[in-house]
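work_2.tsv, holding TSV, C-alpha atoms:
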```tsv
chain	number	residue	atom	x	y	z
A	1	MET	CA	-1.40	-6.24	15.92
A	2	ILE	CA	-2.79	-4.76	12.71
A	3	HIS	CA	-1.47	-6.00	9.35
A	4	VAL	CA	-1.69	-3.82	6.25
A	5	VAL	CA	-0.42	-3.49	2.73
A	6	ALA	CA	0.10	0.13	1.68
A	7	ASP	CA	0.27	0.53	-2.07
A	8	ALA	CA	2.51	3.05	-3.83
A	9	SER	CA	-0.31	5.62	-3.95
A	10	VAL	CA	-0.06	5.73	-0.15
A	11	ALA	CA	3.71	5.33	0.29
A	12	ILE	CA	4.62	8.24	-1.97
A	13	LYS	CA	2.63	10.54	0.32
A	14	TRP	CA	5.17	9.77	3.05
A	15	PHE	CA	7.75	11.75	1.08
A	16	LEU	CA	5.85	14.40	-0.87
A	17	PRO	CA	4.72	17.68	0.66
A	18	PRO	CA	0.99	18.18	1.22
A	19	SER	CA	-0.82	19.45	-1.87
A	20	ALA	CA	-4.21	19.47	-3.52
A	21	ALA	CA	-2.97	16.73	-5.85
A	22	GLU	CA	-1.97	14.53	-2.91
A	23	GLN	CA	-5.10	14.29	-0.76
A	24	ASP	CA	-5.14	12.56	2.63
A	25	HIS	CA	-1.48	13.34	3.20
A	26	ASP	CA	-2.14	13.58	6.95
A	27	ARG	CA	-3.64	10.08	7.05
A	28	ALA	CA	-0.66	8.67	5.17
A	29	LEU	CA	1.69	10.17	7.76
A	30	ILE	CA	-0.41	8.74	10.60
A	31	LEU	CA	-0.13	5.31	8.99
A	32	LEU	CA	3.64	5.70	8.65
A	33	GLU	CA	3.91	6.63	12.32
A	34	MET	CA	1.81	3.57	13.23
A	35	VAL	CA	4.23	1.41	11.23
A	36	ARG	CA	7.26	2.98	12.89
A	37	SER	CA	5.74	2.53	16.37
A	38	ARG	CA	4.91	-1.10	15.47
A	39	ALA	CA	1.17	-0.61	16.00
A	40	VAL	CA	0.84	-1.65	12.36
A	41	VAL	CA	2.77	-4.39	10.58
A	42	LEU	CA	3.41	-3.61	6.94
A	43	ARG	CA	3.77	-6.25	4.21
A	44	GLU	CA	4.44	-5.55	0.55
A	45	PRO	CA	4.66	-7.24	-2.86
A	46	PRO	CA	8.05	-7.52	-4.60
A	47	HIS	CA	7.64	-4.54	-6.95
A	48	TRP	CA	6.61	-2.09	-4.22
A	49	LEU	CA	9.96	-0.39	-3.69
A	50	ALA	CA	10.61	-0.09	-7.44
A	51	GLU	CA	7.20	1.46	-8.02
A	52	VAL	CA	7.66	3.98	-5.21
A	53	ALA	CA	11.16	4.80	-6.52
A	54	ALA	CA	9.82	5.35	-10.03
A	55	VAL	CA	7.22	7.84	-8.83
A	56	LEU	CA	9.58	9.65	-6.46
A	57	SER	CA	12.30	9.94	-9.09
A	58	ARG	CA	9.79	11.78	-11.25
A	59	LEU	CA	8.01	13.88	-8.59
A	60	ALA	CA	10.81	14.45	-6.05
A	61	PRO	CA	14.12	13.80	-7.84
A	62	ALA	CA	16.18	15.79	-5.34
A	63	THR	CA	15.21	13.51	-2.44
A	64	ALA	CA	14.25	10.24	-4.15
A	65	ARG	CA	17.52	8.43	-3.39
A	66	GLN	CA	17.37	9.26	0.31
A	67	ASP	CA	13.65	8.47	0.48
A	68	ILE	CA	14.24	4.99	-0.92
A	69	GLU	CA	17.15	4.44	1.46
A	70	ASP	CA	14.79	5.38	4.30
A	71	LEU	CA	12.26	2.77	3.12
A	72	CYS	CA	15.01	0.16	2.87
A	73	THR	CA	16.04	0.76	6.48
A	74	MET	CA	12.49	-0.09	7.56
A	75	ARG	CA	13.09	-3.71	6.44
A	76	ILE	CA	9.51	-4.24	5.32
A	77	PRO	CA	8.81	-7.92	4.62
A	78	ILE	CA	8.18	-8.75	0.97
A	79	MET	CA	5.54	-11.33	0.13
A	80	ALA	CA	5.96	-13.34	-3.07
A	81	THR	CA	4.44	-16.80	-3.21
A	82	PRO	CA	2.93	-18.67	-6.15
A	83	LYS	CA	-0.47	-18.32	-4.47
A	84	ILE	CA	-0.12	-14.52	-4.26
A	85	TYR	CA	0.84	-14.32	-7.94
A	86	ALA	CA	-2.08	-16.58	-8.91
A	87	THR	CA	-4.50	-14.39	-6.97
A	88	ALA	CA	-3.00	-11.25	-8.53
A	89	ILE	CA	-3.38	-12.72	-12.01
A	90	ASP	CA	-7.00	-13.66	-11.33
A	91	LEU	CA	-7.71	-10.15	-10.05
A	92	ALA	CA	-5.95	-8.53	-13.00
A	93	VAL	CA	-7.97	-10.53	-15.49
A	94	SER	CA	-11.35	-10.24	-13.77
A	95	LEU	CA	-10.99	-6.53	-12.93
A	96	ASN	CA	-9.20	-5.58	-16.16
A	97	GLN	CA	-6.48	-4.03	-14.02
A	98	HIS	CA	-2.69	-3.92	-14.19
A	99	LEU	CA	-0.97	-6.78	-12.37
A	100	PHE	CA	1.16	-4.36	-10.38
A	101	ASP	CA	-2.02	-2.95	-8.81
A	102	THR	CA	-3.48	-6.36	-8.06
A	103	LEU	CA	-0.30	-7.71	-6.46
A	104	TYR	CA	-0.84	-5.38	-3.50
A	105	HIS	CA	-4.38	-6.63	-3.10
A	106	ALA	CA	-3.32	-10.26	-3.48
A	107	VAL	CA	-0.87	-9.88	-0.58
A	108	ALA	CA	-3.65	-8.49	1.63
A	109	LEU	CA	-6.02	-11.28	0.60
A	110	ASP	CA	-3.37	-13.91	1.35
A	111	LEU	CA	-2.70	-12.82	4.93
A	112	PRO	CA	-5.31	-13.29	7.67
A	113	HIS	CA	-6.79	-10.04	8.96
A	114	CYS	CA	-4.80	-7.93	6.51
A	115	THR	CA	-6.10	-4.89	4.62
A	116	LEU	CA	-4.85	-3.14	1.51
A	117	ILE	CA	-4.79	0.60	2.06
A	118	THR	CA	-4.92	2.58	-1.18
A	119	ALA	CA	-5.45	6.14	-2.33
A	120	ASP	CA	-6.32	4.85	-5.81
A	121	GLU	CA	-10.09	5.35	-5.89
A	122	ARG	CA	-10.43	3.83	-9.35
A	123	TYR	CA	-8.92	0.54	-8.22
A	124	TYR	CA	-10.84	0.65	-4.95
A	125	LYS	CA	-14.18	0.96	-6.74
A	126	LYS	CA	-13.35	-1.97	-9.02
A	127	ALA	CA	-12.03	-4.23	-6.25
A	128	LEU	CA	-14.20	-3.38	-3.24
A	129	ASN	CA	-16.35	-6.50	-3.55
A	130	ARG	CA	-13.21	-8.70	-3.28
A	131	GLY	CA	-12.67	-7.59	0.32
A	132	SER	CA	-9.58	-6.71	2.38
A	133	ILE	CA	-9.33	-3.20	0.91
A	134	THR	CA	-9.95	0.32	2.19
A	135	LEU	CA	-9.30	3.83	1.01
A	136	LEU	CA	-6.59	5.78	2.79
A	137	ARG	CA	-9.11	8.42	3.85
A	138	ASP	CA	-11.11	5.72	5.67
A	139	PHE	CA	-8.30	3.68	7.19
A	140	ASN	CA	-8.71	4.81	10.82
A	141	THR	CA	-12.24	3.56	11.22
A	142	THR	CA	-11.51	0.41	9.25
A	143	LEU	CA	-8.49	-0.56	11.31
A	144	GLU	CA	-10.23	0.08	14.63
A	145	ASN	CA	-12.72	-2.67	13.80
A	146	ARG	CA	-10.22	-5.29	12.60
A	147	PRO	CA	-9.32	-8.27	14.79
A	148	SER	CA	-5.77	-8.18	16.12
```

What do you get writing this file as structure tokens?
Amino acid sequence: MIHVVADASVAIKWFLPPSAAEQDHDRALILLEMVRSRAVVLREPPHWLAEVAAVLSRLAPATARQDIEDLCTMRIPIMATPKIYATAIDLAVSLNQHLFDTLYHAVALDLPHCTLITADERYYKKALNRGSITLLRDFNTTLENRPS
């Protein structure tokens, strides 16, 4: 089984229509289908749902409430341990990045054989050398080579 953390930059693509501003929409939908079919196990940090709701309420206000209800019905496990927060803090300080971004990465780093999938290229470039991270556009090839 494949374990991933999908940050908000990926999850919002599940609910927004394809557009030039939202690249790799098709890959995001493939990931969602893999989660629904249980080929992929999703784990998230505590702020994940709030962050997705904040973006959807701004970009898709007509459907945001239903979209968040849909995410809630998926019962995605939330990971929040002192070790995850410590790792997130270390990443935030060393990468000069917002803690909310690094919490996703910290969850992936905490779980064996887990990968953060992000569409945030700026964070990806800063954090690549820390491991357990891939861009959404590359996730297929990355996940095929991960141990199960």

### Distance of CA of Val10 in chain A from CA of Cys72 in chain A, expressed in Å to one decimal place
16.3 Å

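The space between CA of Ala119 in chain A and CA of Leu31 in chain A spans 12.5 Å.
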
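The closest residue to Pro46 in chain A, picked from A:Met74, A:Thr118, A:Asp101, A:Leu29 and counting all atoms listed in the file, is A:Asp101.
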
### Message
So that I can see what lies close to Met79 in chain A, please list as a PyMOL selection string the residues with an atom at most 7 Å from it, counting only C-alpha atoms and leaving out residues fewer than 3 positions away in the same chain.
### Response
chain A and resi 43-46+107

Distance query Arg65 in chain A at most 12 Å, all atoms listed in the file, self and fewer than 5 positions along chain excluded, as a compact mmCIF listing (two decimals) with C-alpha atoms, in the frame of the given file:
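As written to disk, part16.txt reads:
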```txt
# COMPACT_ATOMS: atom_id res chain seq x y z
CA PHE A 15 7.75 11.75 1.08
CA LEU A 49 9.96 -0.39 -3.69
CA ALA A 50 10.61 -0.09 -7.44
CA VAL A 52 7.66 3.98 -5.21
CA ALA A 53 11.16 4.80 -6.52
CA ALA A 54 9.82 5.35 -10.03
CA VAL A 55 7.22 7.84 -8.83
CA LEU A 56 9.58 9.65 -6.46
CA SER A 57 12.30 9.94 -9.09
CA ARG A 58 9.79 11.78 -11.25
CA ALA A 60 10.81 14.45 -6.05
CA ASP A 70 14.79 5.38 4.30
CA LEU A 71 12.26 2.77 3.12
CA CYS A 72 15.01 0.16 2.87
```

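When only C-alpha atoms are used to measure the gap to Pro77 in chain A, the shortest distance among A:Ala92, A:Val41, A:Leu32, A:Ala127 belongs to A:Val41.
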
### Query
Which polymer residues have any atom within 12 Å of an atom of range 132-141 of chain A, counting only C-alpha atoms, with same-chain residues fewer than 2 positions away left out, as an MDAnalysis selection string?
chainID A and resid 2:11 13 22:32 34 40 102 104:130 143:146

Take the residues from that selection and put them in a file with C-alpha atoms, as a PDB file, in the frame of the given file.
```pdb
ATOM      1  CA  ILE A   2      -2.790  -4.760  12.710  1.00  0.00           C
ATOM      2  CA  HIS A   3      -1.470  -6.000   9.350  1.00  0.00           C
ATOM      3  CA  VAL A   4      -1.690  -3.820   6.250  1.00  0.00           C
ATOM      4  CA  VAL A   5      -0.420  -3.490   2.730  1.00  0.00           C
ATOM      5  CA  ALA A   6       0.100   0.130   1.680  1.00  0.00           C
ATOM      6  CA  ASP A   7       0.270   0.530  -2.070  1.00  0.00           C
ATOM      7  CA  ALA A   8       2.510   3.050  -3.830  1.00  0.00           C
ATOM      8  CA  SER A   9      -0.310   5.620  -3.950  1.00  0.00           C
ATOM      9  CA  VAL A  10      -0.060   5.730  -0.150  1.00  0.00           C
ATOM     10  CA  ALA A  11       3.710   5.330   0.290  1.00  0.00           C
ATOM     11  CA  LYS A  13       2.630  10.540   0.320  1.00  0.00           C
ATOM     12  CA  GLU A  22      -1.970  14.530  -2.910  1.00  0.00           C
ATOM     13  CA  GLN A  23      -5.100  14.290  -0.760  1.00  0.00           C
ATOM     14  CA  ASP A  24      -5.140  12.560   2.630  1.00  0.00           C
ATOM     15  CA  HIS A  25      -1.480  13.340   3.200  1.00  0.00           C
ATOM     16  CA  ASP A  26      -2.140  13.580   6.950  1.00  0.00           C
ATOM     17  CA  ARG A  27      -3.640  10.080   7.050  1.00  0.00           C
ATOM     18  CA  ALA A  28      -0.660   8.670   5.170  1.00  0.00           C
ATOM     19  CA  LEU A  29       1.690  10.170   7.760  1.00  0.00           C
ATOM     20  CA  ILE A  30      -0.410   8.740  10.600  1.00  0.00           C
ATOM     21  CA  LEU A  31      -0.130   5.310   8.990  1.00  0.00           C
ATOM     22  CA  LEU A  32       3.640   5.700   8.650  1.00  0.00           C
ATOM     23  CA  MET A  34       1.810   3.570  13.230  1.00  0.00           C
ATOM     24  CA  VAL A  40       0.840  -1.650  12.360  1.00  0.00           C
ATOM     25  CA  THR A 102      -3.480  -6.360  -8.060  1.00  0.00           C
ATOM     26  CA  TYR A 104      -0.840  -5.380  -3.500  1.00  0.00           C
ATOM     27  CA  HIS A 105      -4.380  -6.630  -3.100  1.00  0.00           C
ATOM     28  CA  ALA A 106      -3.320 -10.260  -3.480  1.00  0.00           C
ATOM     29  CA  VAL A 107      -0.870  -9.880  -0.580  1.00  0.00           C
ATOM     30  CA  ALA A 108      -3.650  -8.490   1.630  1.00  0.00           C
ATOM     31  CA  LEU A 109      -6.020 -11.280   0.600  1.00  0.00           C
ATOM     32  CA  ASP A 110      -3.370 -13.910   1.350  1.00  0.00           C
ATOM     33  CA  LEU A 111      -2.700 -12.820   4.930  1.00  0.00           C
ATOM     34  CA  PRO A 112      -5.310 -13.290   7.670  1.00  0.00           C
ATOM     35  CA  HIS A 113      -6.790 -10.040   8.960  1.00  0.00           C
ATOM     36  CA  CYS A 114      -4.800  -7.930   6.510  1.00  0.00           C
ATOM     37  CA  THR A 115      -6.100  -4.890   4.620  1.00  0.00           C
ATOM     38  CA  LEU A 116      -4.850  -3.140   1.510  1.00  0.00           C
ATOM     39  CA  ILE A 117      -4.790   0.600   2.060  1.00  0.00           C
ATOM     40  CA  THR A 118      -4.920   2.580  -1.180  1.00  0.00           C
ATOM     41  CA  ALA A 119      -5.450   6.140  -2.330  1.00  0.00           C
ATOM     42  CA  ASP A 120      -6.320   4.850  -5.810  1.00  0.00           C
ATOM     43  CA  GLU A 121     -10.090   5.350  -5.890  1.00  0.00           C
ATOM     44  CA  ARG A 122     -10.430   3.830  -9.350  1.00  0.00           C
ATOM     45  CA  TYR A 123      -8.920   0.540  -8.220  1.00  0.00           C
ATOM     46  CA  TYR A 124     -10.840   0.650  -4.950  1.00  0.00           C
ATOM     47  CA  LYS A 125     -14.180   0.960  -6.740  1.00  0.00           C
ATOM     48  CA  LYS A 126     -13.350  -1.970  -9.020  1.00  0.00           C
ATOM     49  CA  ALA A 127     -12.030  -4.230  -6.250  1.00  0.00           C
ATOM     50  CA  LEU A 128     -14.200  -3.380  -3.240  1.00  0.00           C
ATOM     51  CA  ASN A 129     -16.350  -6.500  -3.550  1.00  0.00           C
ATOM     52  CA  ARG A 130     -13.210  -8.700  -3.280  1.00  0.00           C
ATOM     53  CA  LEU A 143      -8.490  -0.560  11.310  1.00  0.00           C
ATOM     54  CA  GLU A 144     -10.230   0.080  14.630  1.00  0.00           C
ATOM     55  CA  ASN A 145     -12.720  -2.670  13.800  1.00  0.00           C
ATOM     56  CA  ARG A 146     -10.220  -5.290  12.600  1.00  0.00           C
TER      57      ARG A 146
END
```

#### Entry: Computed interatomic separation between CA of Phe100 in chain A and CA of Thr81 in chain A (Å)
14.7 Å
